[in-house]
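Peer 1: final.cif is reproduced in full below (mmCIF, C-alpha atoms).
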data_query
loop_
_atom_site.label_atom_id
_atom_site.label_comp_id
_atom_site.auth_asym_id
_atom_site.auth_seq_id
_atom_site.Cartn_x
_atom_site.Cartn_y
_atom_site.Cartn_z
CA MET A 1445 24.51 7.86 -22.04
CA LYS A 1446 26.00 8.33 -18.58
CA VAL A 1447 27.01 5.52 -16.22
CA ILE A 1448 26.88 6.68 -12.60
CA GLU A 1449 28.22 4.59 -9.72
CA SER A 1450 28.10 7.07 -6.84
CA ILE A 1451 24.92 7.57 -4.83
CA SER A 1452 25.67 11.24 -4.20
CA GLU A 1453 26.43 11.85 -7.89
CA MET A 1454 23.15 10.23 -8.90
CA GLN A 1455 21.21 12.32 -6.40
CA LYS A 1456 22.87 15.53 -7.58
CA TYR A 1457 22.26 14.70 -11.23
CA SER A 1458 18.58 13.98 -10.63
CA GLU A 1459 18.14 17.10 -8.56
CA SER A 1460 19.65 19.20 -11.36
CA LEU A 1461 17.10 17.76 -13.79
CA ARG A 1462 14.25 18.46 -11.41
CA ARG A 1463 15.34 22.07 -10.99
CA LYS A 1464 15.10 22.46 -14.77
CA GLY A 1465 11.57 21.03 -14.71
CA GLU A 1466 12.53 17.83 -16.49
CA ILE A 1467 10.61 14.59 -15.88
CA ILE A 1468 12.58 11.53 -14.77
CA SER A 1469 11.42 7.97 -15.41
CA PHE A 1470 13.09 5.05 -13.67
CA VAL A 1471 13.36 1.34 -14.43
CA PRO A 1472 14.98 -0.61 -11.56
CA THR A 1473 16.60 -3.88 -12.70
CA MET A 1474 19.14 -6.51 -11.74
CA GLY A 1475 20.58 -6.39 -15.23
CA TYR A 1476 21.13 -9.01 -17.92
CA PHE A 1477 18.55 -7.27 -20.06
CA HIS A 1478 15.98 -8.92 -22.31
CA ASP A 1479 13.23 -7.38 -24.43
CA GLY A 1480 10.97 -7.11 -21.39
CA HIS A 1481 13.42 -4.75 -19.71
CA LEU A 1482 13.90 -2.81 -22.93
CA ASN A 1483 10.15 -2.36 -23.34
CA LEU A 1484 10.01 -0.78 -19.88
CA MET A 1485 12.77 1.61 -20.89
CA LYS A 1486 11.00 2.47 -24.14
CA GLU A 1487 7.87 3.26 -22.13
CA GLY A 1488 9.97 5.49 -19.91
CA LYS A 1489 11.22 7.31 -22.99
CA GLN A 1490 7.63 8.11 -23.93
CA ARG A 1491 6.81 9.42 -20.47
CA SER A 1492 9.84 11.53 -19.55
CA ASP A 1493 12.76 13.73 -20.50
CA CYS A 1494 15.33 11.46 -18.86
CA VAL A 1495 15.26 7.66 -18.53
CA VAL A 1496 17.30 6.18 -15.70
CA THR A 1497 17.75 2.45 -15.23
CA SER A 1498 19.58 0.84 -12.35
CA ILE A 1499 21.60 -2.36 -12.56
CA TYR A 1500 22.03 -3.81 -9.11
CA VAL A 1501 21.83 -7.45 -8.04
CA ASN A 1502 20.40 -6.85 -4.60
CA PRO A 1503 21.73 -9.34 -2.03
CA THR A 1504 18.96 -8.76 0.52
CA GLN A 1505 16.25 -10.26 -1.71
CA PHE A 1506 18.06 -13.58 -2.12
CA GLY A 1507 17.68 -16.32 0.44
CA PRO A 1508 20.14 -19.04 1.46
CA GLY A 1509 20.78 -21.44 -1.44
CA GLU A 1510 19.32 -19.08 -4.05
CA ASP A 1511 21.20 -17.88 -7.12
CA PHE A 1512 22.76 -14.60 -5.95
CA GLU A 1513 26.31 -15.60 -6.86
CA LYS A 1514 25.48 -17.07 -10.27
CA TYR A 1515 22.82 -14.53 -11.30
CA PRO A 1516 23.86 -13.46 -14.83
CA ARG A 1517 25.83 -10.22 -15.00
CA ASP A 1518 27.19 -8.42 -18.08
CA LEU A 1519 27.37 -4.65 -17.72
CA GLU A 1520 28.99 -4.03 -21.12
CA ARG A 1521 26.25 -5.99 -22.89
CA ASP A 1522 23.52 -4.26 -20.88
CA ALA A 1523 24.96 -0.80 -21.54
CA GLY A 1524 24.85 -1.39 -25.29
CA LEU A 1525 21.23 -2.54 -25.16
CA ALA A 1526 20.18 0.36 -22.94
CA ARG A 1527 21.90 2.87 -25.20
CA GLY A 1528 20.06 1.38 -28.16
CA VAL A 1529 16.63 2.21 -26.70
CA GLY A 1530 17.55 5.72 -25.59
CA VAL A 1531 18.36 5.29 -21.90
CA ASP A 1532 20.06 8.41 -20.55
CA VAL A 1533 21.61 7.10 -17.33
CA ILE A 1534 22.60 3.71 -15.94
CA PHE A 1535 23.02 3.74 -12.17
CA THR A 1536 25.28 0.94 -10.89
CA PRO A 1537 25.88 1.27 -7.13
CA SER A 1538 28.09 -1.06 -5.10
CA ASN A 1539 27.02 -3.28 -2.22
CA THR A 1540 29.21 -1.35 0.21
CA ASP A 1541 27.49 1.90 -0.75
CA MET A 1542 23.95 0.51 -0.64
CA TYR A 1543 24.44 -1.50 2.55
CA PRO A 1544 27.31 0.08 4.50
CA GLU A 1545 28.66 -1.44 7.69
CA ASN A 1546 26.10 -1.54 10.52
CA TYR A 1547 23.17 -1.10 8.11
CA GLN A 1548 19.92 -1.70 10.03
CA SER A 1549 16.88 -0.26 8.22
CA TYR A 1550 14.41 -2.40 6.28
CA LEU A 1551 10.85 -1.90 5.06
CA ASN A 1552 8.05 -4.48 5.23
CA VAL A 1553 4.80 -4.32 3.30
CA GLU A 1554 2.73 -6.63 5.45
CA GLU A 1555 -0.31 -8.03 3.64
CA THR A 1556 0.61 -8.31 -0.04
CA THR A 1557 3.81 -10.24 0.71
CA LYS A 1558 2.33 -13.03 2.84
CA ASN A 1559 1.10 -15.28 0.03
CA LEU A 1560 2.56 -16.62 -3.24
CA CYS A 1561 6.35 -16.17 -3.33
CA GLY A 1562 6.26 -14.88 0.24
CA LEU A 1563 5.40 -18.40 1.41
CA THR A 1564 8.56 -20.03 0.12
CA ARG A 1565 10.96 -17.07 -0.07
CA PRO A 1566 10.92 -15.56 3.45
CA GLY A 1567 12.56 -12.15 3.54
CA HIS A 1568 12.52 -11.77 -0.25
CA PHE A 1569 10.02 -8.95 -0.38
CA ARG A 1570 11.58 -7.16 2.56
CA GLY A 1571 14.68 -6.97 0.39
CA VAL A 1572 12.69 -5.88 -2.68
CA THR A 1573 10.79 -3.09 -0.95
CA THR A 1574 13.87 -1.86 0.91
CA ILE A 1575 16.03 -1.63 -2.21
CA CYS A 1576 13.25 -0.02 -4.25
CA LEU A 1577 12.67 2.64 -1.60
CA LYS A 1578 16.40 3.33 -1.43
CA LEU A 1579 16.62 3.60 -5.22
CA PHE A 1580 13.58 5.90 -5.37
CA ASN A 1581 15.25 8.19 -2.82
CA ILE A 1582 18.48 8.20 -4.82
CA VAL A 1583 17.12 8.54 -8.38
CA LYS A 1584 14.21 10.83 -7.41
CA PRO A 1585 11.98 9.79 -10.33
CA HIS A 1586 8.54 11.12 -11.20
CA VAL A 1587 7.47 7.75 -12.63
CA THR A 1588 8.76 4.21 -12.19
CA ILE A 1589 7.95 1.36 -14.54
CA PHE A 1590 7.65 -2.33 -13.66
CA GLY A 1591 6.71 -5.42 -15.62
CA LYS A 1592 3.72 -7.39 -14.42
CA LYS A 1593 5.38 -10.78 -14.84
CA ASP A 1594 6.10 -10.56 -11.13
CA TYR A 1595 2.59 -9.48 -10.27
CA GLN A 1596 3.18 -9.73 -6.53
CA GLN A 1597 6.14 -7.39 -6.77
CA PHE A 1598 4.14 -4.89 -8.82
CA VAL A 1599 1.22 -4.88 -6.35
CA THR A 1600 3.61 -4.62 -3.40
CA ILE A 1601 5.54 -1.66 -4.82
CA LYS A 1602 2.27 0.15 -5.60
CA ARG A 1603 1.12 -0.48 -2.04
CA MET A 1604 4.40 0.76 -0.57
CA VAL A 1605 4.38 3.95 -2.64
CA GLN A 1606 0.82 4.71 -1.55
CA ASP A 1607 1.33 3.80 2.10
CA ILE A 1608 4.38 5.98 2.67
CA ASN A 1609 3.13 8.85 0.51
CA LEU A 1610 5.81 8.89 -2.15
CA ASP A 1611 5.20 11.45 -4.88
CA LEU A 1612 5.73 8.82 -7.56
CA GLU A 1613 3.60 7.21 -10.28
CA VAL A 1614 3.95 3.42 -10.54
CA VAL A 1615 3.26 2.07 -14.03
CA GLY A 1616 2.89 -1.62 -14.86
CA LEU A 1617 3.39 -3.13 -18.31
CA ASP A 1618 2.16 -6.49 -19.55
CA THR A 1619 4.56 -9.42 -19.57
CA THR A 1620 6.85 -9.60 -22.59
CA ARG A 1621 7.03 -13.11 -24.02
CA GLU A 1622 9.11 -15.19 -26.38
CA ALA A 1623 7.45 -16.16 -29.67
CA ASP A 1624 6.33 -19.47 -28.14
CA GLY A 1625 4.77 -17.81 -25.07
CA LEU A 1626 7.48 -18.24 -22.44
CA ALA A 1627 7.63 -15.17 -20.21
CA MET A 1628 10.96 -13.42 -20.69
CA SER A 1629 13.24 -13.68 -17.68
CA SER A 1630 16.96 -13.25 -17.07
CA ARG A 1631 16.83 -16.71 -15.47
CA ASN A 1632 15.73 -18.36 -18.74
CA VAL A 1633 19.44 -18.70 -19.57
CA TYR A 1634 19.61 -21.39 -16.86
CA LEU A 1635 17.25 -23.70 -18.77
CA LYS A 1636 19.17 -26.63 -20.19
CA GLY A 1637 18.23 -28.54 -23.35
CA PRO A 1638 14.74 -30.10 -23.06
CA GLU A 1639 13.97 -28.01 -19.95
CA ARG A 1640 13.27 -25.10 -22.30
CA GLU A 1641 10.29 -26.96 -23.81
CA SER A 1642 9.04 -27.97 -20.37
CA ALA A 1643 9.12 -24.32 -19.29
CA LEU A 1644 6.20 -23.70 -21.64
CA CYS A 1645 3.99 -25.47 -19.10
CA LEU A 1646 3.53 -22.13 -17.33
CA SER A 1647 2.13 -20.10 -20.22
CA ARG A 1648 0.15 -23.05 -21.58
CA SER A 1649 -1.41 -23.55 -18.17
CA LEU A 1650 -2.51 -19.92 -18.14
CA VAL A 1651 -4.19 -20.45 -21.50
CA MET A 1652 -6.07 -23.41 -20.00
CA ALA A 1653 -7.12 -21.31 -16.99
CA LYS A 1654 -8.33 -18.52 -19.26
CA ASP A 1655 -10.30 -20.96 -21.39
CA LEU A 1656 -12.04 -22.40 -18.33
CA TYR A 1657 -12.87 -18.90 -17.10
CA ASP A 1658 -14.19 -17.90 -20.54
CA LYS A 1659 -16.44 -20.97 -20.46
CA GLY A 1660 -17.96 -19.78 -17.19
CA VAL A 1661 -15.95 -21.72 -14.60
CA ARG A 1662 -15.61 -19.64 -11.43
CA ASP A 1663 -14.55 -22.35 -8.96
CA ALA A 1664 -10.93 -21.52 -8.13
CA GLU A 1665 -10.10 -25.03 -6.94
CA ALA A 1666 -11.29 -26.58 -10.19
CA ILE A 1667 -9.08 -24.26 -12.26
CA ILE A 1668 -6.10 -24.81 -9.96
CA GLU A 1669 -6.44 -28.59 -10.17
CA THR A 1670 -6.48 -28.43 -13.97
CA VAL A 1671 -3.37 -26.25 -14.02
CA ILE A 1672 -1.43 -28.47 -11.59
CA LYS A 1673 -2.31 -31.56 -13.59
CA ASN A 1674 -1.08 -29.87 -16.75
CA VAL A 1675 2.22 -28.75 -15.18
CA ASP A 1676 2.80 -32.22 -13.76
CA SER A 1677 2.43 -33.73 -17.24
CA TYR A 1678 5.71 -32.07 -18.32
CA PRO A 1679 9.10 -33.58 -17.48
CA TYR A 1680 11.61 -31.79 -15.22
CA THR A 1681 8.86 -29.77 -13.50
CA ALA A 1682 7.85 -29.33 -9.86
CA VAL A 1683 5.04 -27.03 -8.74
CA ASP A 1684 5.97 -24.51 -6.06
CA TYR A 1685 2.48 -23.00 -6.00
CA VAL A 1686 -0.61 -22.37 -8.10
CA LYS A 1687 -2.92 -19.81 -6.49
CA ILE A 1688 -5.95 -17.74 -7.43
CA CYS A 1689 -6.10 -14.51 -5.45
CA GLU A 1690 -7.90 -11.21 -5.33
CA THR A 1691 -5.70 -8.53 -6.83
CA LYS A 1692 -5.59 -5.95 -4.02
CA ASN A 1693 -3.97 -7.86 -1.15
CA LEU A 1694 -3.36 -11.19 -2.93
CA ARG A 1695 -5.47 -13.26 -0.57
CA ASP A 1696 -6.65 -16.69 -1.76
CA ILE A 1697 -10.23 -16.87 -2.99
CA LYS A 1698 -12.58 -19.79 -3.53
CA ASN A 1699 -14.79 -18.25 -6.21
CA ILE A 1700 -13.90 -15.74 -8.89
CA ASP A 1701 -16.60 -13.13 -8.40
CA ALA A 1702 -14.39 -10.02 -8.66
CA GLU A 1703 -11.02 -9.12 -10.19
CA ALA A 1704 -8.67 -12.05 -9.60
CA VAL A 1705 -5.24 -13.25 -10.67
CA ILE A 1706 -3.93 -16.76 -11.16
CA ALA A 1707 -0.24 -16.91 -10.27
CA LEU A 1708 2.08 -19.86 -10.47
CA ALA A 1709 5.68 -20.69 -9.64
CA VAL A 1710 7.26 -23.80 -11.09
CA LYS A 1711 10.72 -25.26 -10.88
CA VAL A 1712 11.93 -26.48 -14.25
CA GLY A 1713 15.05 -28.43 -13.49
CA LYS A 1714 16.80 -26.16 -11.00
CA THR A 1715 15.28 -22.96 -12.42
CA ARG A 1716 12.34 -21.35 -10.65
CA LEU A 1717 9.98 -19.53 -13.03
CA ILE A 1718 6.84 -17.47 -12.39
CA ASP A 1719 3.92 -16.30 -14.51
CA ASN A 1720 0.38 -14.99 -14.03
CA TYR A 1721 -2.87 -13.97 -15.67
CA VAL A 1722 -5.58 -11.56 -14.50
CA PHE A 1723 -8.94 -13.11 -15.39
CA GLY A 1724 -10.93 -11.17 -17.92
CA GLU A 1725 -7.92 -9.45 -19.43
CA LYS A 1726 -6.27 -10.26 -22.75
CA LEU A 1727 -3.58 -12.90 -22.51
CA ASN A 1728 -0.76 -11.77 -24.80
CA LEU A 1729 0.24 -15.18 -26.16
#
So, in terms of structure tokens, how does the structure I just supplied come out?

Peer 2:
Amino acid sequence: MKVIESISEMQKYSESLRRKGEIISFVPTMGYFHDGHLNLMKEGKQRSDCVVTSIYVNPTQFGPGEDFEKYPRDLERDAGLARGVGVDVIFTPSNTDMYPENYQSYLNVEETTKNLCGLTRPGHFRGVTTICLKLFNIVKPHVTIFGKKDYQQFVTIKRMVQDINLDLEVVGLDTTREADGLAMSSRNVYLKGPERESALCLSRSLVMAKDLYDKGVRDAEAIIETVIKNVDSYPYTAVDYVKICETKNLRDIKNIDAEAVIALAVKVGKTRLIDNYVFGEKLNL
């Protein structure tokens, strides 16, 4: 397994693979891998000749007071895990290379980023789309693989790729969960003591939403009220949002009469967690 730090070296390496007709899959990450990340890499192994993953904690997607400085980082640990699932290249650029002095160019995806996390994290998705576009231009993949735990991110990246005509397939995989249902996240390490049990309010609320839908409830407000009440019954929790949206542009809906997603963000102690469920699909709990 190669570890590449230089942008130009990564570009040259990818171009050499393309000239040989080899397929490149790419998993962009901020590191501190869990099984969810590793599942994306395993999927990449099935779809390509070369799996590249990036480890880069992107400063432009963090707002003031967020956890950029304390976000967990352990390159040696991550390299061992990536090697174990057959990753071929880890790309680890520096901030000075990715955002050199006088950097000025950013990309906005307008509609899909307005709601959900876009309401309380202004500028977050501008940072996400900008760094993903930069990484796509550097790694030059044929396919990129994202988890659907951050459903808004997945929809936004798909929209960006389509809008600017990138020759790139975007694949989404279902959320990987702990045995008790908690969605895997690098931020789960922040949960302290009893907060870990309270964090289960997210996945358990999705089960409640699914059950209501399966019983024929289509009133979005009724489902949302049930979910909020359930989250509020757990200690150490504070609802950021609970929304039911159509899946194309993530606009709020009142009645579930087409494909729709319920998405929620909850602070458990000081840790902000997200989860979601697309109605009518299997909930892997």

Peer 1: So that I can see what lies close to Pro1566 in chain A, please list as a VMD selection string the residues with an atom at most 10 Å from it, counting all atoms listed in the file and leaving out residues fewer than 6 positions away in the same chain.

Peer 2: chain A and resid 1505 to 1507 1557 to 1558

Peer 1: Can you tell me, as a list in words, what residues are no more than 9 Å from Tyr1515 in chain A when counting only C-alpha atoms, ignoring any on the same chain fewer than 4 positions away?

Peer 2: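 Near neighbours after the sequence-gap exclusion: Met1474, Tyr1476, Val1501, Asp1511, Ser1630 and Arg1631 of chain A.
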
Peer 1: Any chance you could export the current selection's C-alpha atoms as a compact mmCIF listing (two decimals), in the frame of the given file?

Peer 2:
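File written: part22.txt
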# COMPACT_ATOMS: atom_id res chain seq x y z
CA MET A 1474 19.14 -6.51 -11.74
CA TYR A 1476 21.13 -9.01 -17.92
CA VAL A 1501 21.83 -7.45 -8.04
CA ASP A 1511 21.20 -17.88 -7.12
CA SER A 1630 16.96 -13.25 -17.07
CA ARG A 1631 16.83 -16.71 -15.47

Peer 1: Report as a PyMOL selection string the residues that result from applying the PyMOL selection byres ((chain A and resi 1528-1541) around 10) to the structure here.

Peer 2: chain A and resi 1445-1451+1453-1454+1457+1468-1475+1482-1489+1493-1503+1519+1522-1527+1542-1545+1547+1579+1582-1583

Peer 1: Under the rule that all atoms listed in the file are counted, which of A:Ser1549, A:Thr1588, A:Thr1556, A:Ser1649 is the nearest residue to Met1604 in chain A?

Peer 2: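 Checking each candidate against Met1604 in chain A, we get A:Thr1556 as the closest.
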
Peer 1: What is the distance, in Å and to one decimal place, between CA of Ser1458 in chain A and CA of Glu1613 in chain A?

Peer 2: 16.4 Å

Peer 1: Quick one: pull the distance between CA of Gly1591 in chain A and CA of Thr1691 in chain A, Å, one decimal.

Peer 2: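 If I compute the distance from CA of Gly1591 in chain A to CA of Thr1691 in chain A, I get 15.5 Å.
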
Peer 1: The residues within 10 Å of (3.8, -21.2, -0.2), using all atoms listed in the file and the coordinates of the file, should be reported as a PyMOL selection string; which are they?

Peer 2: chain A and resi 1558-1566+1684-1687+1709

Peer 1: With distances taken over all atoms listed in the file, which of A:Phe1590, A:Tyr1657, A:Phe1723, A:Phe1477 is nearest to Thr1619 in chain A?

Peer 2: A:Phe1590

Peer 1: The residues within 9 Å of (-1.1, -24.9, -15.2), using all atoms listed in the file and the coordinates of the file, should be reported as a list in words; which are they?

Peer 2: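 Looking at atoms near the point gives Cys1645, Leu1646, Ser1647, Arg1648, Ser1649, Leu1650, Val1651, Met1652, Ala1653, Ile1667, Ile1668, Glu1669, Thr1670, Val1671, Ile1672, Lys1673, Asn1674, Val1675, Asp1676, Val1686 and Leu1708 of chain A.
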
Peer 1: Could you save those same residues with C-alpha atoms as a CSV table (one decimal), keeping the file's coordinate frame?

Peer 2:
chain,number,residue,atom,x,y,z
A,1645,CYS,CA,4.0,-25.5,-19.1
A,1646,LEU,CA,3.5,-22.1,-17.3
A,1647,SER,CA,2.1,-20.1,-20.2
A,1648,ARG,CA,0.2,-23.0,-21.6
A,1649,SER,CA,-1.4,-23.6,-18.2
A,1650,LEU,CA,-2.5,-19.9,-18.1
A,1651,VAL,CA,-4.2,-20.4,-21.5
A,1652,MET,CA,-6.1,-23.4,-20.0
A,1653,ALA,CA,-7.1,-21.3,-17.0
A,1667,ILE,CA,-9.1,-24.3,-12.3
A,1668,ILE,CA,-6.1,-24.8,-10.0
A,1669,GLU,CA,-6.4,-28.6,-10.2
A,1670,THR,CA,-6.5,-28.4,-14.0
A,1671,VAL,CA,-3.4,-26.2,-14.0
A,1672,ILE,CA,-1.4,-28.5,-11.6
A,1673,LYS,CA,-2.3,-31.6,-13.6
A,1674,ASN,CA,-1.1,-29.9,-16.8
A,1675,VAL,CA,2.2,-28.8,-15.2
A,1676,ASP,CA,2.8,-32.2,-13.8
A,1686,VAL,CA,-0.6,-22.4,-8.1
A,1708,LEU,CA,2.1,-19.9,-10.5

Peer 1: Output range 1647-1679 of chain A from the block with N, CA and C atoms, as a PDB file, in the first residue's frame?

Peer 2:
ATOM      1  N   SER A1647     -31.481   6.026  16.419  1.00  0.00           N
ATOM      2  CA  SER A1647     -31.894   4.832  15.673  1.00  0.00           C
ATOM      3  C   SER A1647     -33.245   4.320  16.150  1.00  0.00           C
ATOM      4  N   ARG A1648     -33.499   4.409  17.445  1.00  0.00           N
ATOM      5  CA  ARG A1648     -34.799   3.948  17.960  1.00  0.00           C
ATOM      6  C   ARG A1648     -35.933   4.833  17.466  1.00  0.00           C
ATOM      7  N   SER A1649     -35.652   6.103  17.288  1.00  0.00           N
ATOM      8  CA  SER A1649     -36.673   7.003  16.735  1.00  0.00           C
ATOM      9  C   SER A1649     -36.973   6.668  15.281  1.00  0.00           C
ATOM     10  N   LEU A1650     -35.957   6.260  14.536  1.00  0.00           N
ATOM     11  CA  LEU A1650     -36.191   5.857  13.150  1.00  0.00           C
ATOM     12  C   LEU A1650     -37.056   4.606  13.087  1.00  0.00           C
ATOM     13  N   VAL A1651     -36.851   3.690  14.022  1.00  0.00           N
ATOM     14  CA  VAL A1651     -37.706   2.501  14.076  1.00  0.00           C
ATOM     15  C   VAL A1651     -39.155   2.907  14.320  1.00  0.00           C
ATOM     16  N   MET A1652     -39.369   3.859  15.218  1.00  0.00           N
ATOM     17  CA  MET A1652     -40.725   4.342  15.490  1.00  0.00           C
ATOM     18  C   MET A1652     -41.332   4.979  14.251  1.00  0.00           C
ATOM     19  N   ALA A1653     -40.540   5.779  13.530  1.00  0.00           N
ATOM     20  CA  ALA A1653     -41.035   6.427  12.310  1.00  0.00           C
ATOM     21  C   ALA A1653     -41.404   5.379  11.264  1.00  0.00           C
ATOM     22  N   LYS A1654     -40.561   4.384  11.111  1.00  0.00           N
ATOM     23  CA  LYS A1654     -40.846   3.308  10.158  1.00  0.00           C
ATOM     24  C   LYS A1654     -42.122   2.567  10.529  1.00  0.00           C
ATOM     25  N   ASP A1655     -42.290   2.279  11.806  1.00  0.00           N
ATOM     26  CA  ASP A1655     -43.481   1.564  12.255  1.00  0.00           C
ATOM     27  C   ASP A1655     -44.750   2.354  11.955  1.00  0.00           C
ATOM     28  N   LEU A1656     -44.712   3.662  12.194  1.00  0.00           N
ATOM     29  CA  LEU A1656     -45.871   4.501  11.891  1.00  0.00           C
ATOM     30  C   LEU A1656     -46.163   4.483  10.391  1.00  0.00           C
ATOM     31  N   TYR A1657     -45.121   4.609   9.593  1.00  0.00           N
ATOM     32  CA  TYR A1657     -45.287   4.573   8.135  1.00  0.00           C
ATOM     33  C   TYR A1657     -45.871   3.229   7.697  1.00  0.00           C
ATOM     34  N   ASP A1658     -45.357   2.150   8.251  1.00  0.00           N
ATOM     35  CA  ASP A1658     -45.840   0.815   7.882  1.00  0.00           C
ATOM     36  C   ASP A1658     -47.294   0.602   8.276  1.00  0.00           C
ATOM     37  N   LYS A1659     -47.741   1.353   9.288  1.00  0.00           N
ATOM     38  CA  LYS A1659     -49.147   1.266   9.720  1.00  0.00           C
ATOM     39  C   LYS A1659     -50.055   2.197   8.916  1.00  0.00           C
ATOM     40  N   GLY A1660     -49.470   2.918   7.958  1.00  0.00           N
ATOM     41  CA  GLY A1660     -50.280   3.752   7.076  1.00  0.00           C
ATOM     42  C   GLY A1660     -50.253   5.231   7.366  1.00  0.00           C
ATOM     43  N   VAL A1661     -49.488   5.672   8.369  1.00  0.00           N
ATOM     44  CA  VAL A1661     -49.416   7.097   8.675  1.00  0.00           C
ATOM     45  C   VAL A1661     -48.601   7.798   7.591  1.00  0.00           C
ATOM     46  N   ARG A1662     -49.177   8.841   7.011  1.00  0.00           N
ATOM     47  CA  ARG A1662     -48.490   9.601   5.969  1.00  0.00           C
ATOM     48  C   ARG A1662     -48.357  11.083   6.315  1.00  0.00           C
ATOM     49  N   ASP A1663     -48.878  11.486   7.469  1.00  0.00           N
ATOM     50  CA  ASP A1663     -48.803  12.868   7.939  1.00  0.00           C
ATOM     51  C   ASP A1663     -47.410  13.099   8.523  1.00  0.00           C
ATOM     52  N   ALA A1664     -46.608  13.915   7.847  1.00  0.00           N
ATOM     53  CA  ALA A1664     -45.227  14.123   8.274  1.00  0.00           C
ATOM     54  C   ALA A1664     -45.148  14.725   9.673  1.00  0.00           C
ATOM     55  N   GLU A1665     -46.025  15.684   9.960  1.00  0.00           N
ATOM     56  CA  GLU A1665     -45.982  16.340  11.266  1.00  0.00           C
ATOM     57  C   GLU A1665     -46.242  15.350  12.396  1.00  0.00           C
ATOM     58  N   ALA A1666     -47.159  14.426  12.176  1.00  0.00           N
ATOM     59  CA  ALA A1666     -47.469  13.444  13.215  1.00  0.00           C
ATOM     60  C   ALA A1666     -46.260  12.557  13.513  1.00  0.00           C
ATOM     61  N   ILE A1667     -45.555  12.148  12.473  1.00  0.00           N
ATOM     62  CA  ILE A1667     -44.363  11.307  12.659  1.00  0.00           C
ATOM     63  C   ILE A1667     -43.262  12.108  13.339  1.00  0.00           C
ATOM     64  N   ILE A1668     -43.074  13.343  12.909  1.00  0.00           N
ATOM     65  CA  ILE A1668     -42.036  14.195  13.493  1.00  0.00           C
ATOM     66  C   ILE A1668     -42.297  14.430  14.979  1.00  0.00           C
ATOM     67  N   GLU A1669     -43.534  14.702  15.333  1.00  0.00           N
ATOM     68  CA  GLU A1669     -43.870  14.934  16.740  1.00  0.00           C
ATOM     69  C   GLU A1669     -43.558  13.715  17.599  1.00  0.00           C
ATOM     70  N   THR A1670     -43.859  12.527  17.074  1.00  0.00           N
ATOM     71  CA  THR A1670     -43.572  11.291  17.807  1.00  0.00           C
ATOM     72  C   THR A1670     -42.070  11.125  18.012  1.00  0.00           C
ATOM     73  N   VAL A1671     -41.306  11.406  16.971  1.00  0.00           N
ATOM     74  CA  VAL A1671     -39.848  11.267  17.052  1.00  0.00           C
ATOM     75  C   VAL A1671     -39.255  12.259  18.050  1.00  0.00           C
ATOM     76  N   ILE A1672     -39.684  13.510  17.993  1.00  0.00           N
ATOM     77  CA  ILE A1672     -39.159  14.518  18.923  1.00  0.00           C
ATOM     78  C   ILE A1672     -39.482  14.146  20.361  1.00  0.00           C
ATOM     79  N   LYS A1673     -40.685  13.692  20.598  1.00  0.00           N
ATOM     80  CA  LYS A1673     -41.077  13.284  21.947  1.00  0.00           C
ATOM     81  C   LYS A1673     -40.192  12.142  22.436  1.00  0.00           C
ATOM     82  N   ASN A1674     -39.890  11.210  21.539  1.00  0.00           N
ATOM     83  CA  ASN A1674     -39.041  10.084  21.931  1.00  0.00           C
ATOM     84  C   ASN A1674     -37.621  10.552  22.255  1.00  0.00           C
ATOM     85  N   VAL A1675     -37.053  11.406  21.400  1.00  0.00           N
ATOM     86  CA  VAL A1675     -35.698  11.908  21.655  1.00  0.00           C
ATOM     87  C   VAL A1675     -35.650  12.657  22.984  1.00  0.00           C
ATOM     88  N   ASP A1676     -36.652  13.475  23.229  1.00  0.00           N
ATOM     89  CA  ASP A1676     -36.678  14.278  24.449  1.00  0.00           C
ATOM     90  C   ASP A1676     -36.798  13.438  25.713  1.00  0.00           C
ATOM     91  N   SER A1677     -37.223  12.189  25.559  1.00  0.00           N
ATOM     92  CA  SER A1677     -37.378  11.325  26.740  1.00  0.00           C
ATOM     93  C   SER A1677     -36.030  10.781  27.235  1.00  0.00           C
ATOM     94  N   TYR A1678     -34.967  10.963  26.449  1.00  0.00           N
ATOM     95  CA  TYR A1678     -33.642  10.487  26.833  1.00  0.00           C
ATOM     96  C   TYR A1678     -32.851  11.608  27.494  1.00  0.00           C
ATOM     97  N   PRO A1679     -32.062  11.307  28.523  1.00  0.00           N
ATOM     98  CA  PRO A1679     -31.228  12.343  29.127  1.00  0.00           C
ATOM     99  C   PRO A1679     -30.075  12.746  28.216  1.00  0.00           C
TER     100      PRO A1679
END
